[in-house]
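**Q** Take this structure, written in structure tokens, and hold onto it; I'll ask about it next.
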Amino acid sequence: MVEAFAYTALPAKVVFGFGTLGRVPDEVRALGCKRSLVLSTPEQQETAQMLAGRLGELSVGTFAQVAMHTPVEVTARALGAVRDLGADCTVALGGGSTTGLGKAIALRTDLPQIVVPTTYAGSEATPILGETQDGEKITQRNMKVLPEVIIYDVELTLSLPRGLSATSGMNAIAHAVEALYARDANPIISNLAEEGINVLARALPLIMRNPQHKGARSDALFGAWACGTCLGAVGMALHHKLCHTLGGSFNLPHSQTHTIVLPHATAYNRDAAPAAMARVARALAATDAAQGLFDLAKMLGAATALKDIGMPESGLDRAAELAASSPYWNPSPIEQSRIRALLDNAFHGRRPEKP
Ligand code: NAD
């Protein structure tokens, strides 16, 4: 029996395939724009310039100074470029950091956004923006920042290094896991979540063996869209709260932190959300959701201990305190001592607690 639910679909045009980068000029025109500004990190500047070249008269140039965690100083510089060049839309080519800058510009100018994602972070499908100011990351949900058009070009993901492919894929899976036990879960998003986990869990090991595997890359990018859509549609819980706390206060790398914390946050919620756990386990072809996620991270060769990605042991008490104060809604009650124990396991890279 389908339980009662409420669901609001988010408007966005999605173009998916190989070589779809060539569709960007048509999409700029379809938005009624003539002066696009292409955004990228310094590392992806060459591809951004190639895209600006392809756009020809439809582009006013590139802004290739994207930095992690969307610092407001970088946004201020980008806004200067938007003004000086008279840009009327942005094309963000890159991962979650680049998408973040496009969103930060849209928040302040209402300029339409085209996003060309090259990782599996999923930000392109959400109305969520996290920005950092004075070392503090502040996240907001605002429909102004939801990108109008997403162009997934599988070709662009072939260069994503193995390590980042693994952790970015686990970052995507985290959105879907939390969507399955969200307070506002609904059957549409839950089906997409299970599909997203399943497709990524099958594709990522193939990508580890051969990063040029086109079928696996295509599946993984589709999984990223599915999981990102889950993140945009329903509320997140303890896992995302922990990752925001660890990333924001201890400057830990984003997708690696998600990869390490996810099995432990899942174990924390195991008894409070049995139906969701059964779906996660089924999607992973595992007997237990938390153990299956840990095994997947290990199989992908990702780091499984916070101590190995720069977390100081002396910060664990503070992290537990921060995560327990103003918590997000969570299926299992938030108890600081249990969170401290969870963080201890994640710090040392232990297996999540057994059922
Ligand atoms: P990223 O965007 O920071 O990219 C990491 C590095 O990989 C960069 O140097 C980038 O240039 C490089 N790179 C990206 N794609 C590549 C490719 N195909 N080939 C070679 N190099 C490539 O990493 P990310 O994990 O995608 O994004 C993390 C950021 O996104 C965080 O700030 C996080 O908070 C944010 N995020 C936001 C949301 C949201 O809904 N608002 C969702 C997920 C992540």
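Chains: A, B, ... in order of the structure tokens. Residues: from 1 per chain. Ligands: from 1, in order shown.
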Using only C-alpha atoms and all ligand atoms, which protein or nucleic acid residues are at most 8 Å from ligand 1, as a ChimeraX atom specification?
**A** /A:40-44,67-70,94-100,117-130,139,156-161,164,167-168,171-172,228,231-232,244,254-255
**Q** Next, dump the selected residues to file, keeping only C-alpha atoms, as a PDB file, in the first residue's frame.
**A**
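Listing of result18.pdb after writing:
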ATOM      1  CA  SER A  40      35.618  26.840 -13.953  1.00  0.00           C
ATOM      2  CA  THR A  41      38.417  26.020 -11.535  1.00  0.00           C
ATOM      3  CA  PRO A  42      41.977  26.934 -12.568  1.00  0.00           C
ATOM      4  CA  GLU A  43      42.538  23.180 -13.221  1.00  0.00           C
ATOM      5  CA  GLN A  44      39.672  23.020 -15.741  1.00  0.00           C
ATOM      6  CA  ALA A  67      37.670  27.808  -5.182  1.00  0.00           C
ATOM      7  CA  MET A  68      36.324  25.086  -2.858  1.00  0.00           C
ATOM      8  CA  HIS A  69      33.397  25.872  -0.514  1.00  0.00           C
ATOM      9  CA  THR A  70      32.264  28.986  -2.452  1.00  0.00           C
ATOM     10  CA  GLY A  94      33.034  21.464 -13.306  1.00  0.00           C
ATOM     11  CA  GLY A  95      32.189  19.870  -9.975  1.00  0.00           C
ATOM     12  CA  GLY A  96      30.185  21.038  -6.985  1.00  0.00           C
ATOM     13  CA  SER A  97      32.552  23.948  -6.320  1.00  0.00           C
ATOM     14  CA  THR A  98      32.010  25.440  -9.779  1.00  0.00           C
ATOM     15  CA  THR A  99      28.252  24.852  -9.619  1.00  0.00           C
ATOM     16  CA  GLY A 100      28.369  26.612  -6.237  1.00  0.00           C
ATOM     17  CA  PRO A 117      28.750  18.729 -14.191  1.00  0.00           C
ATOM     18  CA  THR A 118      32.036  16.838 -14.319  1.00  0.00           C
ATOM     19  CA  THR A 119      31.844  15.057 -10.917  1.00  0.00           C
ATOM     20  CA  TYR A 120      29.076  13.109  -9.148  1.00  0.00           C
ATOM     21  CA  ALA A 121      28.381  15.698  -6.373  1.00  0.00           C
ATOM     22  CA  GLY A 122      24.808  16.358  -7.533  1.00  0.00           C
ATOM     23  CA  SER A 123      24.660  20.072  -6.679  1.00  0.00           C
ATOM     24  CA  GLU A 124      23.312  20.871 -10.162  1.00  0.00           C
ATOM     25  CA  ALA A 125      19.944  19.319  -9.268  1.00  0.00           C
ATOM     26  CA  THR A 126      19.363  21.202  -5.995  1.00  0.00           C
ATOM     27  CA  PRO A 127      18.159  24.626  -4.826  1.00  0.00           C
ATOM     28  CA  ILE A 128      20.836  24.471  -2.081  1.00  0.00           C
ATOM     29  CA  LEU A 129      23.854  26.758  -1.757  1.00  0.00           C
ATOM     30  CA  GLY A 130      26.643  26.571   0.829  1.00  0.00           C
ATOM     31  CA  THR A 139      23.906  26.711   3.785  1.00  0.00           C
ATOM     32  CA  LEU A 156      33.928  15.097 -19.617  1.00  0.00           C
ATOM     33  CA  THR A 157      33.891  12.632 -16.723  1.00  0.00           C
ATOM     34  CA  LEU A 158      36.437  10.260 -18.312  1.00  0.00           C
ATOM     35  CA  SER A 159      39.253  12.445 -16.908  1.00  0.00           C
ATOM     36  CA  LEU A 160      37.942  12.377 -13.319  1.00  0.00           C
ATOM     37  CA  PRO A 161      40.754  10.652 -11.368  1.00  0.00           C
ATOM     38  CA  LEU A 164      37.770  11.445  -6.777  1.00  0.00           C
ATOM     39  CA  THR A 167      34.552   9.475  -3.190  1.00  0.00           C
ATOM     40  CA  SER A 168      32.369  11.675  -5.382  1.00  0.00           C
ATOM     41  CA  ASN A 171      28.983  11.454  -1.873  1.00  0.00           C
ATOM     42  CA  ALA A 172      26.122  10.931  -4.346  1.00  0.00           C
ATOM     43  CA  GLY A 228      21.321  14.817  -6.674  1.00  0.00           C
ATOM     44  CA  LEU A 231      19.086  15.776  -2.294  1.00  0.00           C
ATOM     45  CA  GLY A 232      17.130  18.593  -3.923  1.00  0.00           C
ATOM     46  CA  HIS A 244      28.780  19.903   7.158  1.00  0.00           C
ATOM     47  CA  HIS A 254      34.120  17.209   1.094  1.00  0.00           C
ATOM     48  CA  SER A 255      33.619  13.923  -0.751  1.00  0.00           C
TER      49      SER A 255
END
**Q** Residues of stretch 145-212 of chain A that approach stretch 262-282 of chain A to 10 Å or less, counting only C-alpha atoms: could you list each one with the shortest pair of atoms and its distance in Å to one decimal, rows by chain and increasing residue number, as CSV?
**A**
residue,atom,partner,partner_atom,distance
A:Met170,CA,A:Leu262,CA,8.3
A:Asn171,CA,A:Leu262,CA,8.6
A:Ile173,CA,A:Leu262,CA,8.9
A:Ala174,CA,A:Leu262,CA,6.4
A:His175,CA,A:Leu262,CA,9.9
A:Ala176,CA,A:Val280,CA,8.7
A:Val177,CA,A:Val280,CA,6.6
A:Glu178,CA,A:Thr266,CA,8.4
A:Ala179,CA,A:Ala276,CA,8.8
A:Leu180,CA,A:Ala276,CA,5.2
A:Tyr181,CA,A:Ala276,CA,5.5
A:Ala182,CA,A:Ala276,CA,9.2
A:Ala185,CA,A:Ala276,CA,9.9
A:Ser190,CA,A:Ala276,CA,8.7
A:Asn191,CA,A:Arg279,CA,9.4
A:Ala193,CA,A:Val280,CA,8.7
A:Glu194,CA,A:Arg279,CA,6.5
A:Glu195,CA,A:Val280,CA,9.8
A:Ile197,CA,A:Val280,CA,7.3
A:Asn198,CA,A:Arg282,CA,8.2
**Q** If you keep all heavy atoms, can you produce a file of those selected residues as a short mmCIF file (atom, residue, chain, number, x, y, z; two decimals), in the first residue's frame?
**A**
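Below you can see part.cif, which holds the result:
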data_model
loop_
_atom_site.label_atom_id
_atom_site.label_comp_id
_atom_site.auth_asym_id
_atom_site.auth_seq_id
_atom_site.Cartn_x
_atom_site.Cartn_y
_atom_site.Cartn_z
N MET A 170 30.48 8.09 -3.80
CA MET A 170 29.96 7.79 -2.46
C MET A 170 29.21 9.01 -1.91
O MET A 170 28.21 8.88 -1.19
CB MET A 170 31.10 7.42 -1.50
CG MET A 170 31.80 6.10 -1.79
SD MET A 170 30.76 4.62 -1.68
CE MET A 170 30.38 4.54 0.06
N ASN A 171 29.67 10.22 -2.26
CA ASN A 171 28.98 11.45 -1.87
C ASN A 171 27.55 11.44 -2.45
O ASN A 171 26.57 11.74 -1.75
CB ASN A 171 29.79 12.65 -2.42
CG ASN A 171 29.23 14.01 -2.05
OD1 ASN A 171 29.66 15.03 -2.60
ND2 ASN A 171 28.28 14.09 -1.15
N ILE A 173 25.85 8.74 -3.34
CA ILE A 173 25.09 7.68 -2.67
C ILE A 173 24.56 8.18 -1.32
O ILE A 173 23.43 7.84 -0.92
CB ILE A 173 25.98 6.42 -2.50
CG1 ILE A 173 26.18 5.74 -3.87
CG2 ILE A 173 25.37 5.43 -1.50
CD1 ILE A 173 27.13 4.54 -3.85
N ALA A 174 25.34 9.01 -0.64
CA ALA A 174 24.91 9.54 0.68
C ALA A 174 23.60 10.32 0.56
O ALA A 174 22.74 10.25 1.45
CB ALA A 174 26.01 10.43 1.26
N HIS A 175 23.43 11.07 -0.54
CA HIS A 175 22.18 11.82 -0.72
C HIS A 175 21.00 10.84 -0.79
O HIS A 175 19.94 11.07 -0.21
CB HIS A 175 22.19 12.64 -2.01
CG HIS A 175 23.39 13.52 -2.19
ND1 HIS A 175 24.04 14.13 -1.14
CD2 HIS A 175 24.05 13.93 -3.32
CE1 HIS A 175 25.05 14.87 -1.61
NE2 HIS A 175 25.07 14.75 -2.93
N ALA A 176 21.20 9.76 -1.51
CA ALA A 176 20.10 8.80 -1.72
C ALA A 176 19.79 8.01 -0.45
O ALA A 176 18.63 7.74 -0.15
CB ALA A 176 20.47 7.85 -2.86
N VAL A 177 20.83 7.67 0.31
CA VAL A 177 20.61 6.92 1.57
C VAL A 177 19.74 7.77 2.50
O VAL A 177 18.73 7.30 3.04
CB VAL A 177 21.95 6.56 2.25
CG1 VAL A 177 21.73 6.03 3.65
CG2 VAL A 177 22.72 5.53 1.41
N GLU A 178 20.12 9.05 2.65
CA GLU A 178 19.34 9.89 3.58
C GLU A 178 17.94 10.20 3.03
O GLU A 178 17.01 10.39 3.81
CB GLU A 178 20.12 11.17 3.91
CG GLU A 178 21.40 10.88 4.69
CD GLU A 178 21.54 11.65 6.00
OE1 GLU A 178 21.78 12.87 5.94
OE2 GLU A 178 21.43 11.04 7.07
N ALA A 179 17.82 10.23 1.70
CA ALA A 179 16.48 10.46 1.11
C ALA A 179 15.53 9.33 1.46
O ALA A 179 14.33 9.54 1.65
CB ALA A 179 16.60 10.61 -0.40
N LEU A 180 16.08 8.10 1.57
CA LEU A 180 15.20 6.94 1.83
C LEU A 180 14.61 6.98 3.24
O LEU A 180 13.54 6.44 3.47
CB LEU A 180 15.97 5.64 1.58
CG LEU A 180 16.08 5.26 0.10
CD1 LEU A 180 17.16 4.23 -0.13
CD2 LEU A 180 14.74 4.75 -0.44
N TYR A 181 15.31 7.60 4.20
CA TYR A 181 14.71 7.70 5.54
C TYR A 181 14.32 9.14 5.90
O TYR A 181 14.14 9.46 7.07
CB TYR A 181 15.57 7.04 6.62
CG TYR A 181 17.02 7.48 6.76
CD1 TYR A 181 17.35 8.80 7.06
CD2 TYR A 181 18.06 6.55 6.65
CE1 TYR A 181 18.67 9.18 7.24
CE2 TYR A 181 19.39 6.93 6.82
CZ TYR A 181 19.69 8.26 7.11
OH TYR A 181 20.99 8.65 7.29
N ALA A 182 14.20 10.02 4.90
CA ALA A 182 13.83 11.42 5.17
C ALA A 182 12.43 11.50 5.77
O ALA A 182 11.57 10.67 5.49
CB ALA A 182 13.88 12.24 3.87
N ALA A 185 10.04 11.78 2.99
CA ALA A 185 10.28 10.79 1.92
C ALA A 185 8.98 10.56 1.15
O ALA A 185 7.89 10.69 1.70
CB ALA A 185 10.76 9.47 2.53
N SER A 190 12.01 7.96 -3.45
CA SER A 190 12.59 6.72 -2.91
C SER A 190 12.96 5.75 -4.03
O SER A 190 14.00 5.08 -3.97
CB SER A 190 11.61 6.06 -1.93
OG SER A 190 11.48 6.88 -0.79
N ASN A 191 12.13 5.68 -5.06
CA ASN A 191 12.48 4.81 -6.20
C ASN A 191 13.75 5.31 -6.89
O ASN A 191 14.62 4.52 -7.26
CB ASN A 191 11.33 4.77 -7.22
CG ASN A 191 10.20 3.88 -6.75
OD1 ASN A 191 10.39 3.06 -5.85
ND2 ASN A 191 9.03 4.04 -7.32
N ALA A 193 16.08 7.06 -5.52
CA ALA A 193 17.20 6.86 -4.59
C ALA A 193 17.74 5.43 -4.71
O ALA A 193 18.95 5.22 -4.82
CB ALA A 193 16.76 7.15 -3.16
N GLU A 194 16.84 4.47 -4.71
CA GLU A 194 17.29 3.08 -4.78
C GLU A 194 18.00 2.82 -6.11
O GLU A 194 19.06 2.17 -6.16
CB GLU A 194 16.10 2.12 -4.59
CG GLU A 194 16.56 0.71 -4.34
CD GLU A 194 15.44 -0.26 -3.98
OE1 GLU A 194 14.38 0.17 -3.47
OE2 GLU A 194 15.64 -1.47 -4.23
N GLU A 195 17.43 3.37 -7.18
CA GLU A 195 18.05 3.22 -8.50
C GLU A 195 19.43 3.89 -8.53
O GLU A 195 20.39 3.33 -9.06
CB GLU A 195 17.10 3.85 -9.55
CG GLU A 195 17.68 4.06 -10.94
CD GLU A 195 17.85 2.77 -11.72
OE1 GLU A 195 17.38 1.72 -11.24
OE2 GLU A 195 18.48 2.82 -12.80
N ILE A 197 21.53 4.49 -6.01
CA ILE A 197 22.53 3.72 -5.25
C ILE A 197 22.97 2.50 -6.05
O ILE A 197 24.16 2.19 -6.17
CB ILE A 197 21.95 3.27 -3.88
CG1 ILE A 197 21.60 4.48 -3.02
CG2 ILE A 197 22.93 2.35 -3.13
CD1 ILE A 197 20.77 4.16 -1.77
N ASN A 198 21.99 1.81 -6.60
CA ASN A 198 22.27 0.57 -7.32
C ASN A 198 23.20 0.81 -8.52
O ASN A 198 24.19 0.09 -8.72
CB ASN A 198 20.94 -0.08 -7.75
CG ASN A 198 21.17 -1.37 -8.50
OD1 ASN A 198 21.11 -1.42 -9.71
ND2 ASN A 198 21.48 -2.42 -7.76
#
**Q** List every residue of stretch 18-234 of chain A that DSSP, applied to the backbone of this structure, assigns to strand (DSSP E), and report them as a short mmCIF file (atom, residue, chain, number, x, y, z; two decimals) with all heavy atoms, in the first residue's frame.
**A**
data_model
loop_
_atom_site.label_atom_id
_atom_site.label_comp_id
_atom_site.auth_asym_id
_atom_site.auth_seq_id
_atom_site.Cartn_x
_atom_site.Cartn_y
_atom_site.Cartn_z
N SER A 36 27.13 34.72 -22.48
CA SER A 36 27.37 33.79 -21.37
C SER A 36 28.79 33.94 -20.82
O SER A 36 29.74 34.19 -21.57
CB SER A 36 27.14 32.34 -21.83
OG SER A 36 28.05 32.02 -22.86
N LEU A 37 28.91 33.73 -19.50
CA LEU A 37 30.23 33.71 -18.85
C LEU A 37 30.47 32.28 -18.40
O LEU A 37 29.66 31.70 -17.66
CB LEU A 37 30.24 34.66 -17.64
CG LEU A 37 31.56 34.71 -16.86
CD1 LEU A 37 32.69 35.29 -17.72
CD2 LEU A 37 31.40 35.57 -15.59
N VAL A 38 31.58 31.67 -18.87
CA VAL A 38 31.89 30.29 -18.53
C VAL A 38 32.72 30.26 -17.24
O VAL A 38 33.75 30.95 -17.15
CB VAL A 38 32.65 29.58 -19.68
CG1 VAL A 38 32.94 28.13 -19.31
CG2 VAL A 38 31.85 29.65 -20.98
N LEU A 39 32.28 29.48 -16.25
CA LEU A 39 32.96 29.39 -14.95
C LEU A 39 33.71 28.08 -14.84
O LEU A 39 33.21 27.04 -15.30
CB LEU A 39 31.93 29.45 -13.82
CG LEU A 39 30.88 30.56 -13.87
CD1 LEU A 39 29.85 30.36 -12.75
CD2 LEU A 39 31.53 31.94 -13.77
N SER A 59 29.48 34.05 -26.07
CA SER A 59 30.21 34.08 -24.80
C SER A 59 31.01 35.37 -24.65
O SER A 59 31.60 35.85 -25.62
CB SER A 59 31.15 32.88 -24.72
OG SER A 59 31.97 33.01 -23.56
N VAL A 60 31.04 35.88 -23.41
CA VAL A 60 31.87 37.07 -23.13
C VAL A 60 33.19 36.67 -22.48
O VAL A 60 33.98 37.51 -22.10
CB VAL A 60 31.12 38.09 -22.25
CG1 VAL A 60 29.96 38.71 -23.03
CG2 VAL A 60 30.64 37.46 -20.95
N GLY A 61 33.43 35.36 -22.30
CA GLY A 61 34.72 34.91 -21.77
C GLY A 61 34.58 33.91 -20.64
O GLY A 61 33.52 33.31 -20.45
N THR A 62 35.70 33.72 -19.91
CA THR A 62 35.71 32.73 -18.83
C THR A 62 36.10 33.41 -17.52
O THR A 62 36.79 34.43 -17.50
CB THR A 62 36.74 31.62 -19.09
OG1 THR A 62 38.03 32.21 -19.21
CG2 THR A 62 36.43 30.84 -20.34
N PHE A 63 35.65 32.81 -16.43
CA PHE A 63 36.11 33.19 -15.08
C PHE A 63 36.58 31.89 -14.45
O PHE A 63 35.75 31.04 -14.09
CB PHE A 63 34.97 33.84 -14.27
CG PHE A 63 35.40 34.22 -12.88
CD1 PHE A 63 35.96 35.46 -12.62
CD2 PHE A 63 35.26 33.32 -11.83
CE1 PHE A 63 36.38 35.81 -11.34
CE2 PHE A 63 35.68 33.66 -10.54
CZ PHE A 63 36.24 34.91 -10.30
N CYS A 89 24.11 35.30 -18.62
CA CYS A 89 23.89 33.97 -18.04
C CYS A 89 25.25 33.37 -17.71
O CYS A 89 26.28 33.88 -18.17
CB CYS A 89 23.11 33.04 -18.97
SG CYS A 89 24.02 32.52 -20.42
N THR A 90 25.26 32.31 -16.88
CA THR A 90 26.53 31.64 -16.59
C THR A 90 26.45 30.19 -17.08
O THR A 90 25.37 29.60 -17.12
CB THR A 90 26.85 31.62 -15.07
OG1 THR A 90 25.77 30.97 -14.38
CG2 THR A 90 27.04 33.02 -14.53
N VAL A 91 27.62 29.67 -17.45
CA VAL A 91 27.75 28.25 -17.78
C VAL A 91 28.82 27.70 -16.83
O VAL A 91 30.00 28.04 -16.97
CB VAL A 91 28.18 28.03 -19.25
CG1 VAL A 91 28.27 26.53 -19.54
CG2 VAL A 91 27.22 28.70 -20.21
N ALA A 92 28.42 26.92 -15.83
CA ALA A 92 29.36 26.38 -14.85
C ALA A 92 29.83 25.01 -15.33
O ALA A 92 29.02 24.08 -15.43
CB ALA A 92 28.69 26.26 -13.49
N LEU A 93 31.12 24.90 -15.65
CA LEU A 93 31.68 23.64 -16.13
C LEU A 93 32.61 23.09 -15.05
O LEU A 93 33.67 23.66 -14.81
CB LEU A 93 32.43 23.87 -17.44
CG LEU A 93 32.98 22.61 -18.11
CD1 LEU A 93 32.94 22.76 -19.62
CD2 LEU A 93 34.40 22.32 -17.69
N GLY A 94 32.18 22.02 -14.35
CA GLY A 94 33.03 21.46 -13.31
C GLY A 94 32.25 20.71 -12.26
O GLY A 94 31.14 20.24 -12.52
N GLN A 113 21.21 29.91 -15.18
CA GLN A 113 22.42 29.07 -15.13
C GLN A 113 22.28 27.82 -15.99
O GLN A 113 21.27 27.13 -15.93
CB GLN A 113 22.65 28.54 -13.72
CG GLN A 113 22.65 29.53 -12.60
CD GLN A 113 22.58 28.79 -11.26
OE1 GLN A 113 23.50 28.07 -10.90
NE2 GLN A 113 21.49 28.95 -10.54
N ILE A 114 23.35 27.54 -16.72
CA ILE A 114 23.50 26.23 -17.36
C ILE A 114 24.65 25.57 -16.60
O ILE A 114 25.69 26.20 -16.37
CB ILE A 114 23.87 26.37 -18.85
CG1 ILE A 114 22.73 27.07 -19.60
CG2 ILE A 114 24.18 25.00 -19.47
CD1 ILE A 114 23.04 27.37 -21.06
N VAL A 115 24.47 24.32 -16.17
CA VAL A 115 25.54 23.62 -15.46
C VAL A 115 25.96 22.40 -16.27
O VAL A 115 25.11 21.63 -16.74
CB VAL A 115 25.10 23.19 -14.04
CG1 VAL A 115 26.23 22.47 -13.33
CG2 VAL A 115 24.67 24.41 -13.22
N VAL A 116 27.27 22.25 -16.42
CA VAL A 116 27.83 21.07 -17.09
C VAL A 116 28.65 20.33 -16.04
O VAL A 116 29.83 20.64 -15.82
CB VAL A 116 28.72 21.50 -18.29
CG1 VAL A 116 29.20 20.27 -19.06
CG2 VAL A 116 27.98 22.46 -19.21
N PRO A 117 28.05 19.36 -15.33
CA PRO A 117 28.75 18.73 -14.19
C PRO A 117 29.82 17.75 -14.66
O PRO A 117 29.61 16.99 -15.61
CB PRO A 117 27.63 17.96 -13.46
CG PRO A 117 26.34 18.43 -14.08
CD PRO A 117 26.67 18.87 -15.47
N ILE A 128 20.06 24.29 -3.32
CA ILE A 128 20.84 24.47 -2.08
C ILE A 128 22.17 25.14 -2.41
O ILE A 128 22.83 24.76 -3.39
CB ILE A 128 21.10 23.11 -1.40
CG1 ILE A 128 19.78 22.38 -1.12
CG2 ILE A 128 21.90 23.28 -0.11
CD1 ILE A 128 19.95 20.91 -0.76
N LEU A 129 22.56 26.10 -1.59
CA LEU A 129 23.85 26.76 -1.76
C LEU A 129 24.56 26.85 -0.41
O LEU A 129 23.98 27.30 0.57
CB LEU A 129 23.65 28.18 -2.33
CG LEU A 129 24.88 29.09 -2.32
CD1 LEU A 129 25.98 28.56 -3.23
CD2 LEU A 129 24.50 30.52 -2.73
N GLY A 130 25.81 26.39 -0.37
CA GLY A 130 26.64 26.57 0.83
C GLY A 130 27.74 27.57 0.49
O GLY A 130 28.41 27.43 -0.54
N GLU A 131 27.90 28.58 1.33
CA GLU A 131 28.93 29.60 1.07
C GLU A 131 29.79 29.77 2.32
O GLU A 131 29.28 29.63 3.43
CB GLU A 131 28.29 30.96 0.80
CG GLU A 131 27.43 30.98 -0.43
CD GLU A 131 26.89 32.39 -0.69
OE1 GLU A 131 25.92 32.79 -0.03
OE2 GLU A 131 27.45 33.08 -1.55
N THR A 132 31.07 30.12 2.13
CA THR A 132 31.90 30.36 3.32
C THR A 132 32.29 31.82 3.44
O THR A 132 32.64 32.47 2.46
CB THR A 132 33.20 29.52 3.33
OG1 THR A 132 33.68 29.39 2.01
CG2 THR A 132 33.02 28.17 3.94
N GLN A 133 32.18 32.28 4.67
CA GLN A 133 32.58 33.65 5.01
C GLN A 133 33.29 33.57 6.36
O GLN A 133 32.75 32.97 7.30
CB GLN A 133 31.36 34.55 5.12
CG GLN A 133 31.71 35.97 5.45
CD GLN A 133 30.61 36.96 5.07
OE1 GLN A 133 29.44 36.59 5.00
NE2 GLN A 133 30.97 38.19 4.85
N GLU A 136 33.39 30.26 8.09
CA GLU A 136 32.15 29.56 8.48
C GLU A 136 31.32 29.27 7.24
O GLU A 136 31.16 30.15 6.37
CB GLU A 136 31.35 30.44 9.45
CG GLU A 136 30.38 29.62 10.28
CD GLU A 136 29.41 30.51 11.06
OE1 GLU A 136 29.75 31.67 11.32
OE2 GLU A 136 28.33 30.03 11.40
N LYS A 137 30.81 28.03 7.15
CA LYS A 137 30.01 27.67 5.97
C LYS A 137 28.53 27.80 6.31
O LYS A 137 28.04 27.18 7.26
CB LYS A 137 30.36 26.25 5.53
CG LYS A 137 29.75 25.90 4.18
CD LYS A 137 30.48 24.76 3.49
CE LYS A 137 29.90 24.46 2.13
NZ LYS A 137 30.64 23.48 1.39
N ILE A 138 27.83 28.58 5.53
CA ILE A 138 26.39 28.78 5.78
C ILE A 138 25.63 28.25 4.57
O ILE A 138 25.93 28.59 3.42
CB ILE A 138 26.07 30.27 6.01
CG1 ILE A 138 26.80 30.73 7.28
CG2 ILE A 138 24.57 30.50 6.15
CD1 ILE A 138 26.93 32.19 7.43
N THR A 139 24.66 27.36 4.86
CA THR A 139 23.91 26.71 3.78
C THR A 139 22.48 27.24 3.77
O THR A 139 21.87 27.43 4.81
CB THR A 139 23.91 25.19 4.03
OG1 THR A 139 25.27 24.75 4.00
CG2 THR A 139 23.16 24.44 2.95
N GLN A 140 21.98 27.49 2.57
CA GLN A 140 20.59 27.92 2.45
C GLN A 140 19.90 27.21 1.28
O GLN A 140 20.55 26.75 0.36
CB GLN A 140 20.49 29.43 2.27
CG GLN A 140 21.22 29.96 1.06
CD GLN A 140 21.02 31.46 0.87
OE1 GLN A 140 19.92 31.94 0.72
NE2 GLN A 140 22.13 32.20 0.89
N ARG A 141 18.58 27.15 1.37
CA ARG A 141 17.75 26.60 0.31
C ARG A 141 16.99 27.77 -0.29
O ARG A 141 16.31 28.49 0.43
CB ARG A 141 16.74 25.63 0.95
CG ARG A 141 16.41 24.40 0.17
CD ARG A 141 15.57 23.45 1.01
NE ARG A 141 16.17 22.14 1.02
CZ ARG A 141 15.96 21.22 0.10
NH1 ARG A 141 15.14 21.44 -0.90
NH2 ARG A 141 16.55 20.05 0.18
N VAL A 149 19.20 24.71 -16.53
CA VAL A 149 19.55 23.65 -17.50
C VAL A 149 20.76 22.87 -16.99
O VAL A 149 21.74 23.47 -16.53
CB VAL A 149 19.91 24.27 -18.88
CG1 VAL A 149 20.23 23.17 -19.89
CG2 VAL A 149 18.79 25.17 -19.39
N ILE A 150 20.69 21.54 -17.07
CA ILE A 150 21.85 20.69 -16.74
C ILE A 150 22.22 19.95 -18.02
O ILE A 150 21.36 19.29 -18.63
CB ILE A 150 21.53 19.65 -15.66
CG1 ILE A 150 20.81 20.28 -14.46
CG2 ILE A 150 22.80 18.95 -15.21
CD1 ILE A 150 20.29 19.25 -13.45
N ILE A 151 23.48 20.05 -18.40
CA ILE A 151 23.96 19.30 -19.57
C ILE A 151 24.98 18.29 -19.09
O ILE A 151 26.09 18.66 -18.67
CB ILE A 151 24.56 20.26 -20.63
CG1 ILE A 151 23.46 21.24 -21.08
CG2 ILE A 151 25.11 19.47 -21.82
CD1 ILE A 151 23.87 22.19 -22.17
N TYR A 152 24.62 17.01 -19.08
CA TYR A 152 25.54 15.96 -18.67
C TYR A 152 26.24 15.44 -19.92
O TYR A 152 25.59 14.86 -20.80
CB TYR A 152 24.78 14.81 -18.01
CG TYR A 152 24.23 15.11 -16.64
CD1 TYR A 152 22.86 15.31 -16.43
CD2 TYR A 152 25.07 15.16 -15.52
CE1 TYR A 152 22.35 15.56 -15.17
CE2 TYR A 152 24.57 15.41 -14.25
CZ TYR A 152 23.21 15.61 -14.07
OH TYR A 152 22.70 15.85 -12.82
N ASP A 153 27.55 15.63 -19.98
CA ASP A 153 28.34 15.08 -21.08
C ASP A 153 29.28 14.03 -20.48
O ASP A 153 30.27 14.38 -19.81
CB ASP A 153 29.14 16.19 -21.78
CG ASP A 153 29.86 15.66 -23.02
OD1 ASP A 153 30.06 14.43 -23.13
OD2 ASP A 153 30.23 16.48 -23.88
#
**Q** Give the helix (DSSP H, G or I) residues of stretch 8-160 of chain A, as DSSP finds them on the backbone, and put them as a ChimeraX atom specification.
**A** /A:20-30,45-58,72-85,96-109,123-125,143-145,154-157
**Q** May I ask which of the residues A:Gln45, A:Asn345, A:Thr229, A:Gln65 is the closest one to A:Ile260, counting only C-alpha atoms?
**A** A:Asn345
**Q** Pick out the closest residue to A:Ile189 from this set: A:Gly86, A:Gly292, A:Pro112, A:Gly235. Count only C-alpha atoms.
**A**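 Closest to A:Ile189, using only C-alpha atoms: A:Gly235.
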**Q** Provide the atom CA of A:Ser218 to atom CA of A:Leu204 distance in Å, to one decimal place.
**A** 10.8 Å
**Q** Quick one: residues within 7 Å of stretch 295-308 of chain A, only C-alpha atoms, excluding same-chain residues fewer than 6 positions away - as a list of chain:residue names?
**A**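 Everything that qualifies: A:Gly163, A:Ala166, A:Thr167, A:Pro205, A:Met208, A:Thr259, A:Ile260, A:Ala346, A:Phe347, A:His348, A:Gly349.
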**Q** Which residue, A:Pro147, A:Pro352, A:Gly248, A:Gly315, has the smallest gap to A:Gly135 when you use only C-alpha atoms?
**A**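 Checking each of A:Pro147, A:Pro352, A:Gly248, A:Gly315 against A:Gly135, counting only C-alpha atoms, the winner is A:Gly248.
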